[in-house]
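Shown below: protein_0.txt, with compact mmCIF, C-alpha atoms.
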# COMPACT_ATOMS: atom_id res chain seq x y z
CA MET A 19 0.00 0.00 0.00
CA THR A 20 1.26 3.47 -0.87
CA SER A 21 1.80 5.80 2.06
CA HIS A 22 2.76 9.43 2.36
CA ARG A 23 4.09 11.95 4.82
CA VAL A 24 4.03 15.73 4.95
CA VAL A 25 7.45 17.31 5.48
CA VAL A 26 7.29 20.82 6.97
CA ASP A 27 10.03 23.44 6.68
CA ASP A 28 8.97 26.08 9.17
CA GLY A 29 8.97 29.72 8.16
CA GLU A 30 6.48 32.47 8.86
CA PRO A 31 3.35 30.85 10.30
CA GLY A 32 1.20 33.32 8.36
CA LEU A 33 2.57 32.26 4.95
CA VAL A 34 1.98 28.61 4.04
CA LEU A 35 2.92 26.88 0.78
CA THR A 36 1.65 23.33 0.22
CA VAL A 37 3.57 21.37 -2.43
CA LEU A 38 1.78 18.46 -4.14
CA PRO A 39 4.01 16.44 -6.48
CA GLY A 40 3.10 14.24 -9.41
CA VAL A 41 3.13 10.47 -9.50
CA GLY A 42 6.57 10.23 -11.10
CA TYR A 43 7.71 13.79 -10.53
CA THR A 44 8.70 14.39 -6.93
CA ALA A 45 9.05 17.71 -5.14
CA GLU A 46 12.79 17.46 -5.88
CA GLY A 47 12.11 17.98 -9.59
CA PRO A 48 13.15 21.47 -10.68
CA VAL A 49 9.72 22.94 -11.54
CA LEU A 50 8.62 22.26 -7.95
CA ALA A 51 11.97 22.56 -6.14
CA ARG A 52 12.99 25.96 -7.54
CA PRO A 53 9.76 27.85 -6.74
CA SER A 54 9.58 26.12 -3.33
CA ALA A 55 13.14 27.17 -2.51
CA ALA A 56 12.43 30.74 -3.62
CA LEU A 57 9.38 31.00 -1.38
CA ARG A 58 11.16 29.27 1.52
CA SER A 59 13.94 31.87 1.27
CA GLY A 60 11.20 34.53 1.29
CA GLY A 61 10.00 33.29 4.67
CA TRP A 62 7.17 30.95 3.69
CA THR A 63 6.47 27.77 5.65
CA VAL A 64 6.65 24.93 3.11
CA ARG A 65 4.57 21.77 3.54
CA THR A 66 5.58 19.06 1.04
CA VAL A 67 3.89 15.74 0.39
CA VAL A 68 6.38 12.88 0.00
CA TRP A 69 5.10 9.53 -1.28
CA ASP A 70 6.44 6.08 -0.41
CA GLY A 71 5.61 4.44 -3.72
CA ARG A 72 3.45 5.50 -6.63
CA PRO A 73 -0.08 6.53 -5.67
CA ASP A 74 -3.03 5.88 -7.93
CA PHE A 75 -5.59 8.53 -8.77
CA ASP A 76 -8.08 7.60 -6.05
CA VAL A 77 -5.48 7.55 -3.27
CA ALA A 78 -3.89 10.79 -4.46
CA ARG A 79 -7.27 12.51 -4.82
CA ARG A 80 -8.15 11.68 -1.20
CA VAL A 81 -4.70 12.40 0.27
CA TYR A 82 -4.24 15.71 -1.52
CA ALA A 83 -7.70 16.91 -0.51
CA ASP A 84 -6.98 15.97 3.11
CA VAL A 85 -3.54 17.62 3.08
CA VAL A 86 -4.94 20.88 1.72
CA ARG A 87 -7.84 20.89 4.18
CA ASP A 88 -5.53 20.02 7.11
CA GLY A 89 -3.16 22.83 6.17
CA VAL A 90 -5.96 25.38 6.30
CA ALA A 91 -7.38 23.92 9.52
CA SER A 92 -4.00 24.10 11.26
CA ALA A 93 -3.39 27.73 10.21
CA PRO A 94 -6.80 29.28 9.44
CA ALA A 95 -5.56 32.88 9.53
CA ALA A 96 -2.57 32.24 7.26
CA VAL A 97 -2.12 33.10 3.60
CA HIS A 98 -2.18 29.75 1.77
CA LEU A 99 -0.80 28.89 -1.65
CA VAL A 100 -0.85 25.49 -3.36
CA LEU A 101 1.95 24.49 -5.75
CA ALA A 102 0.91 21.33 -7.57
CA LYS A 103 2.32 19.27 -10.43
CA SER A 104 0.33 16.84 -12.58
CA LEU A 105 -1.30 14.36 -10.16
CA GLY A 106 -1.12 17.05 -7.49
CA THR A 107 -3.59 19.10 -9.53
CA LEU A 108 -6.29 16.69 -8.35
CA ALA A 109 -6.48 19.16 -5.44
CA LEU A 110 -7.62 22.01 -7.72
CA PRO A 111 -11.34 21.55 -6.94
CA VAL A 112 -10.70 21.54 -3.17
CA ALA A 113 -8.48 24.61 -3.41
CA VAL A 114 -11.18 26.47 -5.35
CA GLU A 115 -13.80 25.37 -2.81
CA LEU A 116 -11.63 26.74 0.01
CA GLY A 117 -10.69 29.90 -1.90
CA LEU A 118 -6.98 29.03 -1.99
CA ALA A 119 -4.65 30.46 -4.60
CA GLY A 120 -2.71 27.92 -6.60
CA ALA A 121 0.00 27.40 -9.17
CA TRP A 122 -1.14 24.38 -11.18
CA LEU A 123 1.75 22.96 -13.21
CA THR A 124 0.93 20.55 -16.06
CA PRO A 125 -2.65 20.12 -14.84
CA LEU A 126 -4.66 17.04 -15.77
CA LEU A 127 -6.93 18.82 -18.23
CA THR A 128 -7.53 16.13 -20.84
CA THR A 129 -7.63 12.81 -19.00
CA ASP A 130 -10.96 11.08 -18.43
CA ARG A 131 -9.68 10.03 -15.01
CA ALA A 132 -9.86 13.59 -13.62
CA PRO A 133 -12.94 15.36 -15.01
CA GLU A 134 -13.19 17.42 -11.82
CA VAL A 135 -9.83 19.08 -12.57
CA ARG A 136 -11.02 20.18 -15.99
CA ALA A 137 -14.33 21.45 -14.55
CA ALA A 138 -12.55 23.41 -11.80
CA ALA A 139 -10.09 24.90 -14.30
CA VAL A 140 -12.93 26.04 -16.58
CA GLY A 141 -14.48 27.92 -13.67
CA LEU A 142 -11.35 29.60 -12.30
CA GLY A 143 -12.19 33.07 -13.58
CA ALA A 144 -15.69 32.95 -12.16
CA SER A 145 -14.39 31.66 -8.81
CA GLY A 146 -12.22 34.71 -8.23
CA VAL A 147 -9.50 32.46 -6.80
CA PRO A 148 -6.00 33.60 -7.89
CA ALA A 149 -4.52 30.91 -10.10
CA LEU A 150 -1.68 30.18 -12.46
CA LEU A 151 -1.96 27.40 -15.05
CA VAL A 152 1.30 26.20 -16.59
CA GLY A 153 1.63 23.69 -19.40
CA GLY A 154 3.63 22.74 -22.44
CA THR A 155 2.37 22.52 -26.00
CA ALA A 156 3.97 19.06 -26.38
CA ASP A 157 2.13 17.69 -23.33
CA GLY A 158 -0.90 15.59 -24.23
CA LEU A 159 -2.54 16.44 -20.89
CA TRP A 160 -2.44 20.20 -21.59
CA ASP A 161 -5.35 22.04 -23.20
CA GLY A 162 -4.12 25.50 -24.14
CA GLY A 163 -7.54 26.65 -25.31
CA LEU A 164 -9.19 25.72 -22.03
CA ALA A 165 -6.38 27.36 -20.08
CA ALA A 166 -6.66 30.58 -22.08
CA ALA A 167 -10.42 30.71 -21.51
CA SER A 168 -10.20 29.85 -17.80
CA GLY A 169 -9.65 33.36 -16.48
CA ALA A 170 -6.45 32.24 -14.74
CA ARG A 171 -3.01 33.56 -15.51
CA VAL A 172 -1.47 31.19 -18.06
CA LEU A 173 2.14 30.35 -18.81
CA GLU A 174 2.49 28.12 -21.86
CA VAL A 175 5.86 26.60 -22.73
CA GLU A 176 6.18 26.24 -26.49
CA GLY A 177 7.43 22.70 -27.17
CA GLY A 178 7.36 21.83 -23.46
CA ASP A 179 6.56 18.26 -22.48
CA HIS A 180 4.88 17.00 -19.30
CA SER A 181 8.02 17.93 -17.32
CA LEU A 182 8.04 21.35 -19.04
CA GLU A 183 11.27 20.38 -20.78
CA VAL A 184 11.86 21.25 -24.43
CA ASP A 185 13.37 18.19 -26.11
CA GLY A 186 16.88 18.82 -27.36
CA ASP A 187 16.95 22.44 -26.22
CA PRO A 188 18.46 22.87 -22.76
CA ALA A 189 18.55 26.67 -23.07
CA ARG A 190 14.80 26.87 -23.69
CA THR A 191 14.20 24.37 -20.90
CA ALA A 192 16.24 26.52 -18.51
CA ALA A 193 14.36 29.64 -19.63
CA ALA A 194 11.04 27.87 -19.03
CA LEU A 195 12.15 26.89 -15.52
CA ASP A 196 13.12 30.50 -14.81
CA ALA A 197 9.75 31.71 -16.12
CA VAL A 198 7.79 29.19 -14.02
CA THR A 199 9.73 30.12 -10.88
CA ALA A 200 9.20 33.85 -11.49
CA ALA A 201 5.47 33.35 -12.15
CA VAL A 202 4.98 31.35 -8.93
CA VAL A 203 6.92 33.93 -6.90
CA ASP A 204 4.81 36.71 -8.45
CA LEU A 205 1.59 34.86 -7.60
CA ALA A 206 2.77 34.33 -4.01
CA ALA A 207 3.66 37.99 -3.63
CA ALA A 208 0.29 39.09 -5.00
CA VAL A 209 -1.62 36.73 -2.71
CA ALA A 210 0.38 37.82 0.35
CA ALA A 211 -0.07 41.50 -0.52
CA ALA A 212 -3.81 41.08 -0.98
CA ARG A 213 -4.13 39.63 2.53
CA ALA A 214 -1.84 42.20 4.20
Let me see the file written as structure tokens.
Amino acid sequence: MTSHRVVVDDGEPGLVLTVLPGVGYTAEGPVLARPSAALRSGGWTVRTVVWDGRPDFDVARRVYADVVRDGVASAPAAVHLVLAKSLGTLALPVAVELGLAGAWLTPLLTTDRAPEVRAAAVGLGASGVPALLVGGTADGLWDGGLAAASGARVLEVEGGDHSLEVDGDPARTAAALDAVTAAVVDLAAAVAAARA
């Protein structure tokens, strides 16, 4: 059975980042690690889910919802931000329900196994919840048209795959990583400023 733990790097108790990795892309992968490190250095408390094994959709859906809810329950007055990659975007509906800002990297927009993610993404603009959708044009799970119509801020990586890497082009991959990190930091700053 797949288990998980939540690793907490304490920072300011009023600024809480929850990091939800993908099934094969851990929080040590650069598109999660770099923004997390930037926010940690900016004083944010960082809560990171670490899996022991590969979770399936149903387990991840339940665990990620619980982790997000528990984070809010343990710090109800804090500014919360979710940083999720792929399978972690199963938490998008819960974050919208709770009014939590989120950076949703390579969201599961086209799979039949996560229709709730697509539905939540479609309604982001109407929800008023600050959100960033990030995907690559070479990723079969990305729907650029849906993202553009969502009302969220969108960062699309031309030629980017499901890891936001551009095959055979390390310079463009590095530039994409820089852009993702900057966009997440900007979102965090805007959310923190709005609550100040």
Residues within 12 Å of A:Arg136, only C-alpha atoms, excluding chain neighbours under 3 positions, as a ChimeraX atom specification:
/A:107-111,122,124-133,139-142,151,159-165,167-168
Shell of 8 Å around stretch 36-45 of chain A, all atoms listed in the file, local chain residues under 6 positions omitted, as a PyMOL selection string:
chain A and resi 51+54+64-68+72-74+82+86+89+98-107+181
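Distance annotation: of A:Arg80, A:Gly186, A:Gly60, A:Val198, the residue with the minimal separation from A:Val172 is A:Val198; atom set is all atoms listed in the file.
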Mind giving me the straight-line distance from atom CA of A:Ala137 to atom CA of A:Val114 in Å, one decimal?
10.9 Å
Work out how far atom CA of A:Val203 is from atom CA of A:Pro188, in Å to one decimal.
22.5 Å
From atom CA of A:Gly177 to atom CA of A:Ala192 the spacing works out at 12.9 Å
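Compared by their closest atoms to A:Thr199, and using all atoms listed in the file, the residues A:Val135, A:Leu35, A:Leu50, A:Leu150 rank with A:Leu50 nearest.
Distances here use only C-alpha atoms; by that measure, the residue among A:Gly153, A:Gly146, A:Pro94, A:Gly61 closest to A:Ala194 is A:Gly153.
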Which centre and which edge lengths, in Å to one decimal, describe the axis-aligned box that holds all listed atoms of stretch 136-153 of chain A after 4 Å is added on each side, as JSON?
{"center_x": -7.0, "center_y": 27.4, "center_z": -13.1, "size_x": 25.3, "size_y": 22.5, "size_z": 20.6}
Spatial neighbours of stretch 208-213 of chain A, max dist 12 Å, all atoms listed in the file, sep filter under 3 positions, as a CSV table (one decimal) with C-alpha atoms, in the frame of the given file:
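Here's the written file part06.csv:
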chain,number,residue,atom,x,y,z
A,30,GLU,CA,6.5,32.5,8.9
A,32,GLY,CA,1.2,33.3,8.4
A,33,LEU,CA,2.6,32.3,5.0
A,34,VAL,CA,2.0,28.6,4.0
A,35,LEU,CA,2.9,26.9,0.8
A,57,LEU,CA,9.4,31.0,-1.4
A,60,GLY,CA,11.2,34.5,1.3
A,61,GLY,CA,10.0,33.3,4.7
A,62,TRP,CA,7.2,31.0,3.7
A,95,ALA,CA,-5.6,32.9,9.5
A,96,ALA,CA,-2.6,32.2,7.3
A,97,VAL,CA,-2.1,33.1,3.6
A,98,HIS,CA,-2.2,29.8,1.8
A,99,LEU,CA,-0.8,28.9,-1.6
A,100,VAL,CA,-0.8,25.5,-3.4
A,117,GLY,CA,-10.7,29.9,-1.9
A,118,LEU,CA,-7.0,29.0,-2.0
A,119,ALA,CA,-4.6,30.5,-4.6
A,120,GLY,CA,-2.7,27.9,-6.6
A,121,ALA,CA,0.0,27.4,-9.2
A,147,VAL,CA,-9.5,32.5,-6.8
A,148,PRO,CA,-6.0,33.6,-7.9
A,149,ALA,CA,-4.5,30.9,-10.1
A,150,LEU,CA,-1.7,30.2,-12.5
A,201,ALA,CA,5.5,33.4,-12.2
A,202,VAL,CA,5.0,31.4,-8.9
A,203,VAL,CA,6.9,33.9,-6.9
A,204,ASP,CA,4.8,36.7,-8.4
A,205,LEU,CA,1.6,34.9,-7.6
With N, CA and C atoms as the goal, would you fill in the gaps in stretch 25-49 of chain A and present it as a PDB file, in the frame of the given file?
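Output file selection.pdb is given in full below:
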ATOM      1  N   VAL A  25       6.222  16.746   4.919  1.00  0.00           N
ATOM      2  CA  VAL A  25       7.450  17.310   5.480  1.00  0.00           C
ATOM      3  C   VAL A  25       7.246  18.820   5.581  1.00  0.00           C
ATOM      4  N   VAL A  26       7.509  19.386   6.750  1.00  0.00           N
ATOM      5  CA  VAL A  26       7.290  20.820   6.970  1.00  0.00           C
ATOM      6  C   VAL A  26       8.611  21.510   7.245  1.00  0.00           C
ATOM      7  N   ASP A  27       8.903  22.534   6.439  1.00  0.00           N
ATOM      8  CA  ASP A  27      10.030  23.440   6.680  1.00  0.00           C
ATOM      9  C   ASP A  27       9.418  24.719   7.225  1.00  0.00           C
ATOM     10  N   ASP A  28       9.612  24.946   8.521  1.00  0.00           N
ATOM     11  CA  ASP A  28       8.970  26.080   9.170  1.00  0.00           C
ATOM     12  C   ASP A  28       9.544  27.411   8.717  1.00  0.00           C
ATOM     13  N   GLY A  29       8.648  28.330   8.461  1.00  0.00           N
ATOM     14  CA  GLY A  29       8.970  29.720   8.160  1.00  0.00           C
ATOM     15  C   GLY A  29       7.961  30.567   8.900  1.00  0.00           C
ATOM     16  N   GLU A  30       7.521  31.636   8.262  1.00  0.00           N
ATOM     17  CA  GLU A  30       6.480  32.470   8.860  1.00  0.00           C
ATOM     18  C   GLU A  30       5.193  31.662   8.975  1.00  0.00           C
ATOM     19  N   PRO A  31       4.579  31.629  10.161  1.00  0.00           N
ATOM     20  CA  PRO A  31       3.350  30.850  10.300  1.00  0.00           C
ATOM     21  C   PRO A  31       2.179  31.430   9.505  1.00  0.00           C
ATOM     22  N   GLY A  32       2.278  32.691   9.116  1.00  0.00           N
ATOM     23  CA  GLY A  32       1.200  33.320   8.360  1.00  0.00           C
ATOM     24  C   GLY A  32       1.307  33.171   6.863  1.00  0.00           C
ATOM     25  N   LEU A  33       2.368  32.505   6.381  1.00  0.00           N
ATOM     26  CA  LEU A  33       2.570  32.260   4.950  1.00  0.00           C
ATOM     27  C   LEU A  33       2.821  30.776   4.756  1.00  0.00           C
ATOM     28  N   VAL A  34       1.884  30.071   4.138  1.00  0.00           N
ATOM     29  CA  VAL A  34       1.980  28.610   4.040  1.00  0.00           C
ATOM     30  C   VAL A  34       1.859  28.160   2.591  1.00  0.00           C
ATOM     31  N   LEU A  35       2.904  27.488   2.110  1.00  0.00           N
ATOM     32  CA  LEU A  35       2.920  26.880   0.780  1.00  0.00           C
ATOM     33  C   LEU A  35       2.776  25.377   0.944  1.00  0.00           C
ATOM     34  N   THR A  36       1.823  24.791   0.215  1.00  0.00           N
ATOM     35  CA  THR A  36       1.650  23.330   0.220  1.00  0.00           C
ATOM     36  C   THR A  36       2.046  22.816  -1.156  1.00  0.00           C
ATOM     37  N   VAL A  37       3.018  21.897  -1.186  1.00  0.00           N
ATOM     38  CA  VAL A  37       3.570  21.370  -2.430  1.00  0.00           C
ATOM     39  C   VAL A  37       3.050  19.948  -2.649  1.00  0.00           C
ATOM     40  N   LEU A  38       2.394  19.746  -3.798  1.00  0.00           N
ATOM     41  CA  LEU A  38       1.780  18.460  -4.140  1.00  0.00           C
ATOM     42  C   LEU A  38       2.420  17.929  -5.422  1.00  0.00           C
ATOM     43  N   PRO A  39       3.296  16.939  -5.304  1.00  0.00           N
ATOM     44  CA  PRO A  39       4.010  16.440  -6.480  1.00  0.00           C
ATOM     45  C   PRO A  39       3.164  15.527  -7.360  1.00  0.00           C
ATOM     46  N   GLY A  40       3.743  15.181  -8.499  1.00  0.00           N
ATOM     47  CA  GLY A  40       3.100  14.240  -9.410  1.00  0.00           C
ATOM     48  C   GLY A  40       3.407  12.809  -9.018  1.00  0.00           C
ATOM     49  N   VAL A  41       2.911  11.887  -9.800  1.00  0.00           N
ATOM     50  CA  VAL A  41       3.130  10.470  -9.500  1.00  0.00           C
ATOM     51  C   VAL A  41       4.577  10.068  -9.747  1.00  0.00           C
ATOM     52  N   GLY A  42       5.181  10.568 -10.801  1.00  0.00           N
ATOM     53  CA  GLY A  42       6.570  10.230 -11.100  1.00  0.00           C
ATOM     54  C   GLY A  42       7.487  11.430 -11.019  1.00  0.00           C
ATOM     55  N   TYR A  43       6.941  12.546 -10.598  1.00  0.00           N
ATOM     56  CA  TYR A  43       7.710  13.790 -10.530  1.00  0.00           C
ATOM     57  C   TYR A  43       7.632  14.286  -9.094  1.00  0.00           C
ATOM     58  N   THR A  44       8.696  14.051  -8.346  1.00  0.00           N
ATOM     59  CA  THR A  44       8.700  14.390  -6.930  1.00  0.00           C
ATOM     60  C   THR A  44       8.920  15.890  -6.729  1.00  0.00           C
ATOM     61  N   ALA A  45       8.828  16.305  -5.486  1.00  0.00           N
ATOM     62  CA  ALA A  45       9.050  17.710  -5.140  1.00  0.00           C
ATOM     63  C   ALA A  45      10.512  18.114  -5.330  1.00  0.00           C
ATOM     64  N   GLU A  46      11.387  17.149  -5.599  1.00  0.00           N
ATOM     65  CA  GLU A  46      12.790  17.460  -5.880  1.00  0.00           C
ATOM     66  C   GLU A  46      13.008  17.814  -7.346  1.00  0.00           C
ATOM     67  N   GLY A  47      12.006  17.585  -8.190  1.00  0.00           N
ATOM     68  CA  GLY A  47      12.110  17.980  -9.590  1.00  0.00           C
ATOM     69  C   GLY A  47      12.162  19.497  -9.684  1.00  0.00           C
ATOM     70  N   PRO A  48      12.879  20.035 -10.667  1.00  0.00           N
ATOM     71  CA  PRO A  48      13.150  21.470 -10.680  1.00  0.00           C
ATOM     72  C   PRO A  48      11.935  22.389 -10.757  1.00  0.00           C
ATOM     73  N   VAL A  49      10.843  22.001 -11.445  1.00  0.00           N
ATOM     74  CA  VAL A  49       9.720  22.940 -11.540  1.00  0.00           C
ATOM     75  C   VAL A  49       8.932  23.029 -10.233  1.00  0.00           C
TER      76      VAL A  49
END
